[in-house]
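Containing TSV, C-alpha atoms and all ligand atoms: input.tsv.
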chain	number	residue	atom	x	y	z
A	1	MET	CA	100.26	159.14	72.04
A	2	SER	CA	102.87	161.67	71.05
A	3	MET	CA	104.91	162.97	73.94
A	4	LEU	CA	106.56	165.46	71.66
A	5	GLY	CA	105.54	168.92	70.71
A	6	LEU	CA	108.54	170.64	72.23
A	7	GLY	CA	110.12	172.76	69.56
A	8	ALA	CA	107.36	172.09	67.08
A	9	PRO	CA	105.82	175.10	65.39
A	10	PRO	CA	102.43	176.06	66.83
A	11	GLY	CA	99.62	174.22	65.14
A	12	LEU	CA	101.83	171.50	63.73
A	13	ARG	CA	100.64	168.12	64.92
A	14	GLU	CA	102.77	165.05	64.80
A	15	CYS	CA	101.59	161.63	63.67
A	16	SER	CA	100.53	159.40	66.59
A	17	ARG	CA	102.31	156.37	65.13
A	18	ALA	CA	105.25	155.50	67.38
A	19	GLY	CA	108.49	156.78	65.94
A	20	CYS	CA	106.88	158.81	63.17
A	21	ARG	CA	107.75	162.49	63.09
A	22	SER	CA	105.66	163.38	60.07
A	23	GLU	CA	103.08	166.14	60.14
A	24	ALA	CA	99.63	164.74	60.82
A	25	THR	CA	97.11	165.44	58.10
A	26	TYR	CA	94.34	163.20	59.43
A	27	SER	CA	92.47	163.04	62.69
A	28	ILE	CA	91.22	159.66	63.93
A	29	GLY	CA	88.42	159.81	66.48
A	30	TRP	CA	87.78	156.53	68.27
A	31	ARG	CA	86.21	155.06	71.34
A	32	ASN	CA	86.49	151.84	73.29
A	33	PRO	CA	82.84	150.94	73.98
A	34	ARG	CA	83.87	148.73	76.88
A	35	ILE	CA	85.46	151.51	78.92
A	36	HIS	CA	84.36	154.77	77.32
A	37	SER	CA	80.90	156.28	77.49
A	38	GLU	CA	79.13	157.47	74.33
A	39	ASP	CA	80.45	161.01	74.55
A	40	ARG	CA	84.04	160.07	75.35
A	41	VAL	CA	86.04	160.13	72.14
A	42	LYS	CA	89.79	159.76	71.98
A	43	VAL	CA	91.65	161.42	69.13
A	44	TRP	CA	94.79	160.30	67.41
A	45	VAL	CA	96.35	162.19	64.54
A	46	ALA	CA	98.15	160.58	61.64
A	47	CYS	CA	100.16	161.37	58.54
A	48	GLY	CA	98.92	160.09	55.18
A	49	GLU	CA	101.24	157.12	55.40
A	50	HIS	CA	99.93	155.87	58.74
A	51	VAL	CA	96.26	156.84	58.75
A	52	GLY	CA	95.41	153.44	57.29
A	53	TYR	CA	97.55	151.56	59.79
A	54	LEU	CA	96.17	153.36	62.82
A	55	SER	CA	92.53	153.21	61.75
A	56	GLU	CA	92.78	149.51	60.90
A	57	PHE	CA	94.45	148.89	64.26
A	58	LEU	CA	91.38	150.35	65.95
A	59	ARG	CA	88.81	148.78	63.63
A	60	ALA	CA	90.38	145.38	64.24
A	61	ARG	CA	89.34	145.82	67.88
A	62	ASP	CA	85.77	146.66	66.87
A	63	PHE	CA	86.12	150.25	68.04
A	64	PRO	CA	84.02	152.88	66.27
A	65	VAL	CA	86.44	154.94	64.17
A	66	THR	CA	85.97	158.29	62.43
A	67	VAL	CA	88.70	159.57	60.12
A	68	THR	CA	88.79	163.27	59.30
A	69	ASP	CA	91.01	164.92	56.71
A	70	LEU	CA	92.49	167.87	58.59
A	71	GLN	CA	93.54	169.72	55.47
A	72	ALA	CA	90.07	169.47	53.98
A	73	ALA	CA	88.58	170.67	57.26
A	74	GLN	CA	90.78	173.77	57.21
A	75	SER	CA	89.97	174.87	53.71
A	101	ZN	ZN	103.09	158.74	60.44

Represent the supplied structure as structure tokens.
Amino acid sequence: MSMLGLGAPPGLRECSRAGCRSEATYSIGWRNPRIHSEDRVKVWVACGEHVGYLSEFLRARDFPVTVTDLQAAQS
């Protein structure tokens, strides 16, 4: 979703929420069962403020959603 990344420090990921420039601390894996096969998983990243919004947006469409805490995964 983010078209940015230019000028961002390496490894810093920006929240996928439109207009949000915050550092993403969560990864949201999701899939649209109607158009994606089982092994095709899309990934959005989100800051703490928007992880709920983005995951609910996907769950409301009955997509399987997996939220991962990136900071926990790194440590
Ligand atoms: Zn955000």

- Query: Between A:Phe57, A:Asp69, A:Ser37, A:Ala18, which one has atoms that come closest to ligand ZN 101 (chain A), using all atoms listed in the file?
  - Reply: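 Closest candidate: A:Ala18.
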
- Between CA of Arg34 in chain A and CA of Phe63 in chain A - distance in Å to one decimal: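 Atom-to-atom, CA of Phe63 in chain A and CA of Arg34 in chain A are spaced 9.2 Å apart.
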
Show me which residues are within 8 Å of ligand ZN 101 (chain A) counting all atoms listed in the file, and format the list as an mmCIF file with C-alpha atoms, in the frame of the given file.
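As a result, pocket14.cif now contains:
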data_model
loop_
_atom_site.group_PDB
_atom_site.id
_atom_site.type_symbol
_atom_site.label_atom_id
_atom_site.label_comp_id
_atom_site.auth_asym_id
_atom_site.auth_seq_id
_atom_site.Cartn_x
_atom_site.Cartn_y
_atom_site.Cartn_z
ATOM 1 C CA GLU A 14 102.770 165.050 64.800
ATOM 2 C CA CYS A 15 101.590 161.630 63.670
ATOM 3 C CA SER A 16 100.530 159.400 66.590
ATOM 4 C CA ARG A 17 102.310 156.370 65.130
ATOM 5 C CA ALA A 18 105.250 155.500 67.380
ATOM 6 C CA GLY A 19 108.490 156.780 65.940
ATOM 7 C CA CYS A 20 106.880 158.810 63.170
ATOM 8 C CA ARG A 21 107.750 162.490 63.090
ATOM 9 C CA SER A 22 105.660 163.380 60.070
ATOM 10 C CA GLU A 23 103.080 166.140 60.140
ATOM 11 C CA ALA A 24 99.630 164.740 60.820
ATOM 12 C CA ALA A 46 98.150 160.580 61.640
ATOM 13 C CA CYS A 47 100.160 161.370 58.540
ATOM 14 C CA GLY A 48 98.920 160.090 55.180
ATOM 15 C CA GLU A 49 101.240 157.120 55.400
ATOM 16 C CA HIS A 50 99.930 155.870 58.740
ATOM 17 C CA VAL A 51 96.260 156.840 58.750
#

- Work out how far apart CA of Arg13 in chain A and CA of Trp44 in chain A are and give it in Å to one decimal.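 One can read the CA of Arg13 in chain A to CA of Trp44 in chain A distance as 10.1 Å.
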
- For the atom pair CA of Thr66 in chain A and CA of Ser27 in chain A, what is the interatomic distance in Å to one decimal place?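 Answer for the CA of Thr66 in chain A to CA of Ser27 in chain A separation: 8.1 Å.
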
- Could you pull the residues within 6 Å of range 29-32 of chain A, counting all atoms listed in the file, minus those fewer than 2 positions along the same chain, as JSON, numbers by chain? {"A": [34, 35, 36, 41, 42, 43, 63, 64, 65, 66]}
